[in-house]
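Chemist: What follows is start_4.txt, compact mmCIF, C-alpha atoms.
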```txt
# COMPACT_ATOMS: atom_id res chain seq x y z
CA MET Z 1 -35.55 -11.12 27.34
CA GLU Z 2 -33.73 -12.21 24.21
CA MET Z 3 -30.48 -14.05 24.76
CA SER Z 4 -27.51 -12.18 23.34
CA VAL Z 5 -24.57 -13.62 21.51
CA ALA Z 6 -22.37 -12.73 24.45
CA ASP Z 7 -24.64 -14.66 26.77
CA SER Z 8 -24.29 -17.71 24.60
CA VAL Z 9 -20.55 -17.90 25.09
CA LEU Z 10 -20.62 -17.35 28.83
CA PRO Z 11 -19.14 -18.54 30.98
CA VAL Z 12 -15.64 -19.20 29.79
CA ARG Z 13 -14.64 -21.85 32.25
CA ALA Z 14 -11.88 -21.09 34.65
CA GLY Z 15 -8.75 -22.98 33.79
CA SER Z 16 -9.79 -23.57 30.21
CA SER Z 17 -6.93 -23.74 27.79
CA SER Z 18 -6.40 -20.91 25.36
CA ASP Z 19 -7.54 -23.10 22.50
CA VAL Z 20 -10.82 -23.84 24.20
CA VAL Z 21 -11.43 -20.18 25.03
CA LEU Z 22 -10.54 -19.16 21.53
CA ALA Z 23 -12.89 -21.75 20.08
CA GLU Z 24 -15.72 -20.47 22.23
CA LEU Z 25 -15.10 -16.84 21.34
CA ARG Z 26 -14.42 -17.41 17.65
CA PRO Z 27 -18.01 -17.14 16.37
CA LEU Z 28 -18.55 -13.93 18.29
CA VAL Z 29 -15.34 -12.37 16.99
CA VAL Z 30 -15.78 -13.48 13.39
CA ARG Z 31 -19.39 -12.39 13.14
CA THR Z 32 -18.81 -9.10 14.92
CA VAL Z 33 -16.02 -8.18 12.55
CA ARG Z 34 -18.00 -9.33 9.54
CA LEU Z 35 -21.03 -7.24 10.47
CA ILE Z 36 -19.01 -4.10 11.18
CA VAL Z 37 -16.85 -4.31 8.08
CA GLY Z 38 -19.68 -5.45 5.84
CA ALA Z 39 -20.73 -9.05 5.35
CA GLY Z 40 -19.90 -10.37 1.92
CA SER Z 41 -16.50 -8.78 1.34
CA THR Z 42 -13.13 -10.49 1.44
CA LEU Z 43 -11.96 -7.60 3.57
CA ALA Z 44 -14.35 -8.70 6.31
CA GLU Z 45 -13.00 -12.24 6.19
CA ASP Z 46 -9.41 -11.03 6.32
CA ALA Z 47 -10.22 -8.74 9.21
CA ALA Z 48 -11.98 -11.56 11.04
CA GLN Z 49 -8.87 -13.70 10.73
CA GLU Z 50 -6.75 -10.81 11.89
CA ALA Z 51 -9.00 -10.30 14.91
CA LEU Z 52 -8.71 -13.96 15.85
CA LEU Z 53 -4.94 -13.73 15.71
CA GLU Z 54 -4.97 -10.61 17.83
CA LEU Z 55 -7.33 -12.28 20.29
CA SER Z 56 -5.08 -15.32 20.61
CA ARG Z 57 -2.12 -13.07 21.34
CA SER Z 58 -4.12 -11.06 23.87
CA LEU Z 59 -5.78 -13.94 25.71
CA PRO Z 60 -3.05 -14.25 28.37
CA ARG Z 61 -4.11 -10.79 29.56
CA LEU Z 62 -7.66 -11.97 30.18
CA ARG Z 63 -8.06 -12.42 33.92
CA GLU Z 64 -11.77 -12.96 34.38
CA GLY Z 65 -13.77 -15.45 32.38
CA ARG Z 66 -16.97 -13.41 32.64
CA ALA Z 67 -15.29 -10.52 30.86
CA ALA Z 68 -14.25 -12.69 27.92
CA PRO Z 69 -17.06 -11.71 25.49
CA ALA Z 70 -16.60 -7.98 26.09
CA PHE Z 71 -12.84 -8.46 25.84
CA ALA Z 72 -13.19 -10.31 22.53
CA ALA Z 73 -15.77 -7.88 21.18
CA ARG Z 74 -13.48 -4.96 21.97
CA ILE Z 75 -10.69 -6.55 19.96
CA ALA Z 76 -13.08 -7.42 17.14
CA ALA Z 77 -14.42 -3.86 16.97
CA ARG Z 78 -10.94 -2.36 17.02
CA VAL Z 79 -9.68 -4.62 14.23
CA ALA Z 80 -12.85 -4.07 12.19
CA MET Z 81 -12.60 -0.28 12.44
CA ARG Z 82 -8.96 -0.49 11.44
CA ALA Z 83 -9.90 -2.61 8.42
CA VAL Z 84 -12.56 -0.13 7.36
CA LYS Z 85 -10.06 2.70 7.49
CA ARG Z 86 -7.58 0.65 5.52
CA GLU Z 87 -10.23 -0.10 2.92
CA ARG Z 88 -10.91 3.61 2.58
CA ARG Z 89 -7.24 4.22 1.85
CA PHE Z 90 -7.33 1.47 -0.79
CA ALA Z 91 -10.51 2.88 -2.25
CA ALA Z 92 -8.84 6.29 -2.53
CA ILE Z 93 -6.33 4.81 -4.96
CA GLY Z 94 -8.93 2.86 -6.84
CA LEU Z 95 -8.61 -0.56 -5.21
CA ARG Z 96 -11.54 -2.33 -3.65
CA SER Z 97 -11.88 -5.69 -1.97
CA PRO Z 98 -13.47 -8.28 -4.18
CA ASP Z 99 -16.64 -9.96 -3.10
CA SER Z 100 -16.15 -12.93 -0.82
CA GLY Z 101 -18.84 -14.89 -2.54
CA TRP Z 102 -20.63 -15.44 0.72
CA ALA Z 103 -24.30 -14.61 0.99
CA ALA Z 104 -26.85 -15.34 3.69
CA SER Z 105 -27.41 -19.05 3.57
CA SER Z 106 -31.17 -18.85 3.34
CA VAL Z 107 -33.23 -16.56 1.16
CA GLN Z 108 -34.01 -13.47 3.19
CA PRO Z 109 -37.18 -11.41 2.99
CA VAL Z 110 -36.90 -8.28 0.86
CA GLU Z 111 -37.26 -5.98 3.85
CA MET Z 112 -34.38 -7.75 5.58
CA VAL Z 113 -32.15 -7.31 2.54
CA GLU Z 114 -33.11 -3.64 2.29
CA LEU Z 115 -32.30 -3.17 5.96
CA LYS Z 116 -28.92 -4.86 5.47
CA GLU Z 117 -28.08 -2.60 2.53
CA ALA Z 118 -29.05 0.44 4.55
CA PHE Z 119 -27.01 -0.79 7.50
CA ASP Z 120 -23.91 -1.27 5.36
CA ARG Z 121 -24.16 2.37 4.34
CA LEU Z 122 -24.07 3.64 7.91
CA PRO Z 123 -20.85 5.29 9.09
CA PRO Z 124 -18.50 2.61 10.47
CA ARG Z 125 -18.69 3.82 14.05
CA GLN Z 126 -22.47 3.66 14.01
CA ARG Z 127 -22.29 0.17 12.61
CA ALA Z 128 -19.84 -0.84 15.31
CA THR Z 129 -22.03 0.61 18.05
CA ALA Z 130 -25.13 -1.11 16.74
CA VAL Z 131 -23.38 -4.45 16.36
CA LEU Z 132 -21.87 -4.38 19.83
CA ARG Z 133 -25.13 -3.30 21.46
CA LEU Z 134 -27.73 -5.13 19.46
CA TYR Z 135 -25.92 -8.20 18.16
CA VAL Z 136 -23.21 -8.95 20.70
CA GLY Z 137 -25.41 -7.70 23.52
CA LEU Z 138 -22.89 -5.59 25.37
CA SER Z 139 -24.21 -2.99 27.79
CA GLU Z 140 -23.90 0.67 26.89
CA GLN Z 141 -20.98 0.97 29.31
CA GLU Z 142 -19.21 -2.04 27.80
CA THR Z 143 -19.86 -0.72 24.29
CA ALA Z 144 -18.43 2.65 25.25
CA ALA Z 145 -15.35 0.95 26.70
CA ALA Z 146 -14.94 -1.24 23.63
CA LEU Z 147 -15.09 1.70 21.27
CA GLY Z 148 -13.16 4.07 23.49
CA CYS Z 149 -15.92 6.65 23.66
CA SER Z 150 -18.34 8.05 26.22
CA LEU Z 151 -21.68 6.62 27.23
CA GLY Z 152 -23.40 9.61 25.68
CA THR Z 153 -21.67 8.98 22.38
CA VAL Z 154 -22.92 5.40 22.34
CA LYS Z 155 -26.47 6.57 22.92
CA HIS Z 156 -26.13 9.20 20.21
CA GLN Z 157 -24.64 6.76 17.74
CA LEU Z 158 -27.44 4.27 18.30
CA HIS Z 159 -30.08 6.95 18.00
CA ASP Z 160 -28.50 8.34 14.83
CA ALA Z 161 -28.16 4.88 13.33
CA ARG Z 162 -31.78 4.05 13.94
CA ARG Z 163 -32.93 7.40 12.57
CA ALA Z 164 -30.71 7.09 9.50
CA LEU Z 165 -31.93 3.58 8.79
CA ALA Z 166 -35.55 4.68 9.08
CA ALA Z 167 -34.93 7.67 6.82
CA TYR Z 168 -33.09 5.58 4.26
CA LEU Z 169 -35.80 2.97 4.16
CA ASN Z 170 -38.28 5.77 3.59
CA GLY Z 171 -36.35 6.88 0.53
CA ASP Z 172 -34.02 9.54 1.88
CA ALA Z 173 -30.65 8.00 0.94
CA ALA Z 174 -28.78 11.24 1.58
CA THR Z 175 -29.09 10.69 5.30
CA LEU Z 176 -26.70 7.76 5.07
CA GLU Z 177 -23.74 9.67 3.70
CA GLU Z 178 -20.80 8.64 5.81
CA THR Z 179 -19.85 11.49 8.06
CA ASP Z 180 -17.73 10.11 10.80
CA THR Z 181 -14.23 8.77 10.66
CA MET F 1 -41.10 -0.16 1.19
CA THR F 2 -39.57 -1.46 4.40
CA GLU F 3 -40.39 0.58 7.45
CA LEU F 4 -38.40 0.85 10.62
CA THR F 5 -40.26 1.85 13.71
CA HIS F 6 -38.70 4.24 16.20
CA ASP F 7 -39.04 2.09 19.28
CA HIS F 8 -37.74 -1.15 20.68
CA GLY F 9 -39.31 -2.89 17.70
CA ALA F 10 -36.77 -1.15 15.50
CA GLU F 11 -33.93 -2.54 17.58
CA GLY F 12 -35.50 -5.94 17.25
CA GLN F 13 -35.60 -5.61 13.47
CA ILE F 14 -31.96 -4.55 13.36
CA ARG F 15 -31.00 -7.39 15.68
CA SER F 16 -32.82 -9.91 13.49
CA MET F 17 -31.12 -8.56 10.41
CA LEU F 18 -27.68 -8.72 12.04
CA THR F 19 -28.30 -12.28 13.13
CA ALA F 20 -29.45 -13.26 9.62
CA PHE F 21 -26.39 -11.76 7.97
CA ALA F 22 -23.74 -12.63 10.57
CA GLY F 23 -22.55 -15.53 8.47
CA PRO F 24 -20.62 -18.66 9.37
CA PRO F 25 -18.78 -18.84 12.70
CA THR F 26 -15.35 -19.08 11.11
CA PRO F 27 -13.65 -16.92 8.50
CA LEU F 28 -14.14 -18.16 4.96
CA PRO F 29 -11.20 -20.30 3.87
CA LEU F 30 -8.66 -18.63 1.63
CA ALA F 31 -9.25 -21.00 -1.24
CA THR F 32 -12.77 -19.73 -1.81
CA ARG F 33 -11.90 -16.09 -2.10
CA PRO F 34 -9.43 -14.17 -4.22
CA ARG F 35 -6.71 -12.39 -2.31
CA ARG F 36 -6.01 -8.73 -2.77
CA ARG F 37 -3.55 -7.61 -0.22
CA ALA F 38 -0.88 -5.08 -0.76
CA THR F 39 2.09 -5.40 1.52
CA ARG F 40 3.34 -2.45 3.47
CA ARG F 41 6.30 -2.34 1.11
CA THR F 42 3.95 -2.10 -1.87
CA LEU F 43 2.18 0.84 -0.32
CA VAL F 44 5.44 2.59 0.52
CA LEU F 45 6.69 2.11 -3.03
CA LEU F 46 3.38 3.33 -4.40
CA ALA F 47 3.56 6.43 -2.22
CA PHE F 48 7.11 7.12 -3.43
CA ALA F 49 6.01 6.70 -7.03
CA VAL F 50 3.17 9.17 -6.59
CA VAL F 51 5.45 11.71 -4.92
CA ALA F 52 8.07 11.26 -7.64
CA LEU F 53 5.45 11.64 -10.34
CA PHE F 54 4.47 15.04 -9.06
CA ALA F 55 7.94 16.13 -8.04
CA VAL F 56 9.67 15.47 -11.34
CA PRO F 57 8.69 17.68 -14.29
CA GLY F 58 8.87 14.67 -16.58
CA GLY F 59 6.26 13.05 -14.39
CA LEU F 60 3.89 15.91 -15.04
CA ALA F 61 4.50 15.51 -18.72
CA LEU F 62 3.61 11.85 -18.35
CA LEU F 63 0.44 12.77 -16.53
CA SER F 64 -0.53 15.21 -19.23
CA SER F 65 -0.39 12.47 -21.85
CA LEU F 66 -2.91 10.27 -20.05
CA TRP F 67 -6.42 9.85 -21.29
CA GLU F 68 -9.24 11.21 -19.19
CA THR F 69 -12.89 10.38 -19.45
CA PRO F 70 -15.13 13.39 -20.15
CA LYS F 71 -16.42 13.31 -16.59
CA GLN F 72 -12.89 13.23 -15.20
CA PHE F 73 -11.89 16.04 -17.52
CA VAL F 74 -14.77 18.27 -16.46
CA VAL F 75 -13.72 18.12 -12.82
CA ASP F 76 -9.97 18.25 -13.52
CA HIS F 77 -9.00 21.69 -12.32
CA SER F 78 -5.56 21.43 -13.89
CA GLN F 79 -7.33 21.91 -17.23
CA PRO F 80 -8.36 25.38 -18.40
CA ALA F 81 -11.89 26.35 -17.40
CA GLN F 82 -12.72 27.11 -21.01
CA ALA F 83 -11.71 23.61 -22.10
CA ARG F 84 -13.78 22.05 -19.34
CA ARG F 85 -16.76 24.14 -20.40
CA VAL F 86 -16.43 22.93 -24.00
CA ILE F 87 -16.40 19.30 -22.90
CA GLU F 88 -19.22 19.88 -20.43
CA GLN F 89 -21.34 21.32 -23.22
CA GLN F 90 -20.62 18.25 -25.30
CA LEU F 91 -21.70 16.00 -22.46
CA GLY F 92 -24.88 17.99 -21.98
CA GLY F 93 -25.73 18.03 -25.66
CA ARG F 94 -25.11 14.31 -26.21
CA ARG F 95 -24.76 15.06 -29.92
CA ILE F 96 -21.59 13.07 -30.17
CA GLU F 97 -20.46 10.26 -27.98
CA LEU F 98 -17.18 11.43 -26.58
CA ARG F 99 -15.32 8.68 -24.74
CA ALA F 100 -11.95 10.15 -23.74
CA ILE F 101 -9.73 13.19 -23.93
CA GLU F 102 -5.95 13.37 -24.05
CA THR F 103 -3.85 16.49 -23.66
CA LEU F 104 -1.62 16.46 -26.74
CA ILE F 105 0.32 19.67 -26.41
CA ILE F 106 0.50 22.60 -24.07
CA ALA F 107 2.28 25.13 -26.26
CA PRO F 108 3.56 28.39 -24.82
CA THR F 109 3.01 31.38 -27.11
CA PRO F 110 3.64 35.11 -26.61
CA HIS F 111 0.01 35.50 -25.62
CA GLY F 112 -0.26 32.55 -23.27
CA ASN F 113 -0.57 28.79 -23.48
CA VAL F 114 -2.42 27.00 -26.25
CA TYR F 115 -3.92 23.66 -25.25
CA ILE F 116 -4.55 21.02 -27.87
CA TYR F 117 -6.61 17.98 -27.02
CA LEU F 118 -7.13 14.74 -28.85
CA LEU F 119 -10.65 13.40 -28.57
CA ARG F 120 -11.73 9.81 -28.85
CA PHE F 121 -15.31 9.04 -29.82
CA ARG F 122 -17.38 5.90 -29.78
CA GLY F 123 -16.60 3.73 -32.78
CA GLY F 124 -12.90 4.59 -32.87
CA ARG F 125 -13.26 8.05 -34.39
CA THR F 126 -10.91 10.76 -33.24
CA GLY F 127 -10.84 14.53 -33.35
CA TYR F 128 -9.11 17.41 -31.66
CA PHE F 129 -9.78 20.85 -30.34
CA PHE F 130 -7.78 23.88 -29.35
CA ILE F 131 -8.06 26.21 -26.46
CA GLY F 132 -6.02 29.34 -26.99
CA PRO F 133 -5.64 32.74 -25.40
CA LYS F 134 -8.96 34.26 -26.37
CA HIS F 135 -8.94 36.78 -29.21
CA GLU F 136 -5.18 36.71 -29.36
CA LEU F 137 -4.21 33.68 -31.36
CA GLY F 138 -6.27 32.85 -34.42
CA ARG F 139 -9.69 34.15 -33.56
CA GLY F 140 -11.23 30.85 -34.50
CA VAL F 141 -8.89 28.83 -32.35
CA SER F 142 -10.60 29.22 -29.04
CA GLY F 143 -13.06 26.47 -28.38
CA VAL F 144 -13.01 24.92 -31.82
CA LEU F 145 -14.29 21.38 -31.61
CA VAL F 146 -13.85 18.86 -34.36
CA GLY F 147 -15.54 15.62 -33.70
CA ASN F 148 -17.40 13.87 -36.46
CA SER F 149 -16.23 11.19 -38.81
CA ALA F 150 -15.79 13.65 -41.67
CA ASN F 151 -13.08 15.66 -39.99
CA GLY F 152 -11.75 13.41 -37.23
CA LEU F 153 -7.99 13.44 -36.86
CA THR F 154 -7.55 9.92 -38.20
CA GLU F 155 -9.25 10.81 -41.44
CA LEU F 156 -7.29 14.04 -41.67
CA THR F 157 -3.91 12.43 -41.30
CA PRO F 158 -3.46 9.40 -43.51
CA PRO F 159 0.01 7.92 -43.44
CA CYS F 160 2.80 9.95 -45.07
CA ALA F 161 5.41 8.37 -47.31
CA PRO F 162 8.41 6.85 -45.51
CA GLY F 163 10.92 9.42 -44.31
CA TRP F 164 8.37 12.04 -43.37
CA ALA F 165 9.04 14.38 -40.48
CA LEU F 166 6.13 16.84 -40.42
CA GLN F 167 2.52 16.45 -41.43
CA TYR F 168 0.23 19.47 -41.67
CA VAL F 169 -3.13 18.96 -39.98
CA ASP F 170 -4.59 22.39 -39.44
CA GLY F 171 -3.73 26.06 -39.50
CA GLY F 172 -5.38 29.43 -39.34
CA GLY F 173 -5.54 32.92 -37.91
CA GLY F 174 -3.36 35.73 -39.21
CA ASP F 175 -6.11 37.87 -40.72
CA SER F 176 -4.68 40.61 -42.86
CA LEU F 177 -7.17 43.30 -41.92
CA PRO F 178 -5.70 45.22 -38.98
CA ARG F 179 -8.81 45.19 -36.85
CA PHE F 180 -9.00 41.42 -37.10
CA ARG F 181 -5.28 40.87 -36.95
CA SER F 182 -4.16 37.92 -34.89
CA ASP F 183 -1.28 35.48 -34.86
CA GLY F 184 -1.47 32.53 -37.18
CA TYR F 185 -0.85 28.95 -36.18
CA VAL F 186 -0.03 25.57 -37.65
CA PHE F 187 -0.75 22.29 -35.94
CA GLY F 188 0.32 18.87 -37.17
CA ARG F 189 1.99 15.56 -36.59
CA ALA F 190 5.71 15.24 -35.93
CA ALA F 191 7.75 12.09 -36.50
CA SER F 192 9.60 10.67 -33.52
CA ARG F 193 12.92 11.95 -34.84
CA VAL F 194 11.69 15.55 -34.67
CA ALA F 195 12.94 17.08 -31.44
CA SER F 196 12.15 20.75 -32.04
CA ILE F 197 10.50 23.06 -34.50
CA HIS F 198 10.68 26.77 -35.23
CA VAL F 199 9.25 29.27 -37.67
CA ARG F 200 11.62 31.18 -39.93
CA TYR F 201 10.33 34.53 -41.25
CA PRO F 202 11.37 36.32 -44.46
CA ASP F 203 13.51 38.74 -42.45
CA GLY F 204 15.52 35.83 -41.04
CA SER F 205 14.05 35.99 -37.54
CA THR F 206 12.66 32.88 -35.89
CA THR F 207 10.12 31.96 -33.23
CA PRO F 208 10.04 28.58 -31.48
CA GLY F 209 7.24 26.07 -31.70
CA THR F 210 6.38 23.07 -29.52
CA VAL F 211 6.79 19.35 -30.22
CA ASP F 212 5.21 16.81 -27.90
CA ASN F 213 3.37 13.48 -28.03
CA GLY F 214 4.05 13.12 -31.75
CA PHE F 215 2.49 16.47 -32.63
CA PHE F 216 3.71 20.02 -33.16
CA PHE F 217 2.26 23.46 -32.77
CA THR F 218 3.68 26.77 -33.96
CA SER F 219 2.28 30.25 -33.70
CA ILE F 220 3.13 32.72 -36.48
CA LYS F 221 3.49 36.44 -35.87
CA SER F 222 0.59 38.44 -37.29
CA SER F 223 3.04 40.70 -39.12
CA ALA F 224 3.79 37.74 -41.41
CA ALA F 225 0.17 37.20 -42.39
CA ASN F 226 0.77 38.30 -45.98
CA THR F 227 4.02 36.43 -46.54
CA ASN F 228 5.22 32.87 -46.54
CA VAL F 229 7.04 31.41 -43.57
CA THR F 230 9.03 28.20 -43.23
CA LEU F 231 8.55 25.64 -40.48
CA ILE F 232 11.89 24.03 -39.75
CA ALA F 233 12.06 20.75 -37.87
CA ASN F 234 15.31 19.66 -36.20
CA ASN F 235 16.39 16.38 -34.68
CA ARG F 236 18.09 16.01 -31.30
CA ALA F 237 21.46 16.74 -32.83
CA GLY F 238 20.17 20.08 -34.12
CA GLN F 239 20.17 18.94 -37.73
CA THR F 240 17.32 20.08 -39.92
CA VAL F 241 15.17 17.09 -40.93
CA ALA F 242 12.31 18.90 -42.67
CA ARG F 243 11.15 22.25 -44.03
CA LEU F 244 7.53 23.09 -44.68
CA VAL F 245 6.52 26.36 -46.31
CA VAL F 246 3.14 27.74 -45.31
CA GLY F 247 1.35 31.04 -45.66
CA GLY F 248 1.79 33.35 -42.68
CA TYR F 249 -1.91 33.01 -41.97
CA GLY F 250 -1.37 29.30 -41.30
CA GLY F 251 -2.63 28.02 -44.64
CA SER F 252 -1.32 27.26 -48.10
CA PRO F 253 1.68 29.32 -49.23
CA PHE F 254 1.40 32.37 -51.49
CA PRO F 255 0.46 32.62 -54.29
CA THR F 256 -2.65 30.85 -53.15
CA ASN F 257 -4.05 30.28 -56.60
CA LYS F 258 -1.95 27.11 -56.81
CA PRO F 259 -3.76 24.03 -55.49
CA TRP F 260 -2.33 22.82 -52.22
CA PRO F 261 -2.59 19.15 -51.39
CA ILE F 262 -5.02 18.52 -48.58
CA PHE F 263 -2.56 16.21 -46.84
CA ILE F 264 0.88 17.72 -46.67
CA CYS F 265 3.93 15.86 -45.52
CA ALA F 266 7.49 17.13 -45.40
```
Written as structure tokens, how would this file's structure read?

Modeler:
Amino acid sequence: MEMSVADSVLPVRAGSSSDVVLAELRPLVVRTVRLIVGAGSTLAEDAAQEALLELSRSLPRLREGRAAPAFAARIAARVAMRAVKRERRFAAIGLRSPDSGWAASSVQPVEMVELKEAFDRLPPRQRATAVLRLYVGLSEQETAAALGCSLGTVKHQLHDARRALAAYLNGDAATLEETDT
Amino acid sequence: MTELTHDHGAEGQIRSMLTAFAGPPTPLPLATRPRRRATRRTLVLLAFAVVALFAVPGGLALLSSLWETPKQFVVDHSQPAQARRVIEQQLGGRRIELRAIETLIIAPTPHGNVYIYLLRFRGGRTGYFFIGPKHELGRGVSGVLVGNSANGLTELTPPCAPGWALQYVDGGGGDSLPRFRSDGYVFGRAASRVASIHVRYPDGSTTPGTVDNGFFFTSIKSSAANTNVTLIANNRAGQTVARLVVGGYGGSPFPTNKPWPIFICA
């Protein structure tokens, strides 16, 4: 079984200071936001910063250390989705976030780059579901709770995302038109 | 072509991709990326500006003077369908490289609105075209497109001598045969001091024209096709600043055997 990102930050030690907890959760939050919003845009970096701030404000509400990754991922997903919606409003009036200048540190295989491009064209909610399930490693129940939707919706979103990615990579770009909100 | 399998292998591929593109564990520092954030106040002000632009008639006038690309124009449903068709045909034909379109004048006439557009082509050339009420105002007016270097607007309107108020650019219509009878028209440039224009007929009656964006447009009643009429330009104070005599068919005044300068300023 592959170790998930969430596993890597567990456990948050009881009695740890907020700074320590925040430091342990930071990579998860930043990368989750970046992947949902779209790696490589300044919007993603802004949203990641925003998520960290929101996490630091919300940490006092965290009662159980084991729940910390899901708690952080929920905040990250919420902030990321909000950022995507905000970006859409900006785009509607002709403004777009400039590129952040960040690219994957090592040269990636062509198929990986193609998959990334296809992934970035998925509807935001499908991206969020895939990131929380496949990258963060949350269970379907935790993903549903994080996104405020039902278990069935999570399964559907994952299925649709996988199907859309496969179709896109086979040349049917129309399947990736964003349809959800 | 990358392939994505429909099983757990697919999830593995997606997971690998997400891991590869997750990026550094901290947000990129501000110094390395340009900021583009609008404050809430900016957005509120922008929203107010947009509302005001549409709510105030002057705002609509401002909008009408903006340039549109041909593609924007074709999907702009505030423009007449006939005008959009003309531009669409130009895009399809690719005979001339049209870059932008500006609405110069929307002139009300007894038969409906006449739309006059300024066209900008690659290389700095300009032209114009009219869309009028079909078969009512100058039969040749509807859908006339002028767009090559020989008859672009810039070439047609060299500078007038200082003190000019009106400059004739084009006119037509007003056929004398009853079955082809239609109103005449005159289109031209207007100096900034010209606030209004009207046509005075031999019987002393007048009809108003339109002045906007530095241009004017007047329609001439078909009953005046065989006579001369006078275009009278007034300033904001109502004082006459120019008179231009033209034939009632929109061309050179009668008798027409006298040569008429190609570029006429008054």

Chemist: Could you list the residues in chain Z lying within 6 Å of chain F, using only C-alpha atoms, and format the result as an NGL selection string?

Modeler: :Z and (27 or 31 or 45 or 100 or 104 or 111-112 or 134-135 or 166 or 169)

Chemist: Enter the distance from CA of Arg127 (chain Z) to CA of Gly148 (chain Z), in Å, rounded to one decimal.

Modeler: 14.7 Å

Chemist: So how far away is CA of Ser219 (chain F) from CA of Ala195 (chain F), in Å?

Modeler: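 Going from CA of Ala195 (chain F) over to CA of Ser219 (chain F), I get 17.1 Å.
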
Chemist: Residues within 7 Å of Val154 (chain Z), please, as a PyMOL selection string. Count only C-alpha atoms; anything in the same chain fewer than 3 positions from it doesn't count.

Modeler: chain Z and resi 129+140+144+150-151+157-158

Chemist: Considering only C-alpha atoms, can you say which of F:Val169, F:Ile131, F:Ala190, F:Ala100 comes closest to Asn213 (chain F)?

Modeler: F:Ala190

Chemist: Produce the centre coordinates and the three edge lengths, each in Å to one decimal, of the box along x, y and z that contains all listed atoms of region 147-157 of chain Z with 8 Å added on each side, as JSON.

Modeler:
```
{"center_x": -19.8, "center_y": 5.7, "center_z": 22.5, "size_x": 29.3, "size_y": 23.9, "size_z": 25.5}
```

Chemist: With distances taken over all atoms listed in the file, which of Z:Ala118, Z:Arg133, Z:Glu87, Z:Val21 is nearest to Gly65 (chain Z)?

Modeler: Z:Val21

Chemist: To one decimal place, how far is CA of Val75 (chain F) from CA of Gly112 (chain F) in Å?

Modeler: 22.3 Å

Chemist: Around the point (-27.0, 0.4, 6.0) (coordinates from the file), which residues reach within 10 Å if we count all atoms listed in the file? Answer as a count of residues only.

Modeler: 23

Chemist: Could you pull the residues within 12 Å of Ala44 (chain Z), counting only C-alpha atoms, minus those fewer than 2 positions along the same chain, as a ChimeraX atom specification?

Modeler: /Z:29-42,46-51,76-77,79-84,86-87,97-102 /F:22-23,26-28,33

Chemist: Which residues are close to Val246 (chain F), i.e. within 9 Å by all atoms listed in the file, leaving aside same-chain residues fewer than 6 positions away? Reply as a JSON list (two decimals) with C-alpha atoms, in the coordinates of the input.

Modeler:
```json
[["chain", "number", "residue", "atom", "x", "y", "z"],
["F", 186, "VAL", "CA", -0.03, 25.57, -37.65],
["F", 227, "THR", "CA", 4.02, 36.43, -46.54],
["F", 228, "ASN", "CA", 5.22, 32.87, -46.54],
["F", 229, "VAL", "CA", 7.04, 31.41, -43.57],
["F", 230, "THR", "CA", 9.03, 28.20, -43.23],
["F", 231, "LEU", "CA", 8.55, 25.64, -40.48],
["F", 252, "SER", "CA", -1.32, 27.26, -48.10],
["F", 253, "PRO", "CA", 1.68, 29.32, -49.23],
["F", 254, "PHE", "CA", 1.40, 32.37, -51.49]]
```

Chemist: Between Z:Leu52, Z:Cys149, Z:Leu132, Z:Leu25, which residue has the minimum interatomic distance to Arg74 (chain Z), considering only C-alpha atoms?

Modeler: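 Looking at the shortest contact to Arg74 (chain Z), the residue is Z:Leu132.
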
Chemist: Since the input lacks some atoms of region 30-38 of chain Z, please model N, CA and C atoms and print them as a compact mmCIF listing (two decimals), keeping the file's coordinate frame.

Modeler:
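What follows is the written file selection31.txt:
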```txt
# COMPACT_ATOMS: atom_id res chain seq x y z
N VAL Z 30 -15.67 -13.44 14.86
CA VAL Z 30 -15.78 -13.48 13.39
C VAL Z 30 -17.03 -12.73 12.94
N ARG Z 31 -18.13 -13.00 13.59
CA ARG Z 31 -19.39 -12.39 13.14
C ARG Z 31 -19.43 -10.90 13.47
N THR Z 32 -18.84 -10.53 14.57
CA THR Z 32 -18.81 -9.10 14.92
C THR Z 32 -18.02 -8.33 13.88
N VAL Z 33 -16.85 -8.85 13.56
CA VAL Z 33 -16.02 -8.18 12.55
C VAL Z 33 -16.75 -8.13 11.22
N ARG Z 34 -17.34 -9.25 10.85
CA ARG Z 34 -18.00 -9.33 9.54
C ARG Z 34 -19.14 -8.31 9.44
N LEU Z 35 -19.89 -8.17 10.52
CA LEU Z 35 -21.03 -7.24 10.47
C LEU Z 35 -20.57 -5.78 10.45
N ILE Z 36 -19.48 -5.49 11.15
CA ILE Z 36 -19.01 -4.10 11.18
C ILE Z 36 -18.37 -3.73 9.85
N VAL Z 37 -17.54 -4.62 9.33
CA VAL Z 37 -16.85 -4.31 8.08
C VAL Z 37 -17.81 -4.37 6.90
N GLY Z 38 -18.73 -5.30 6.94
CA GLY Z 38 -19.68 -5.45 5.84
C GLY Z 38 -19.66 -6.88 5.35
```
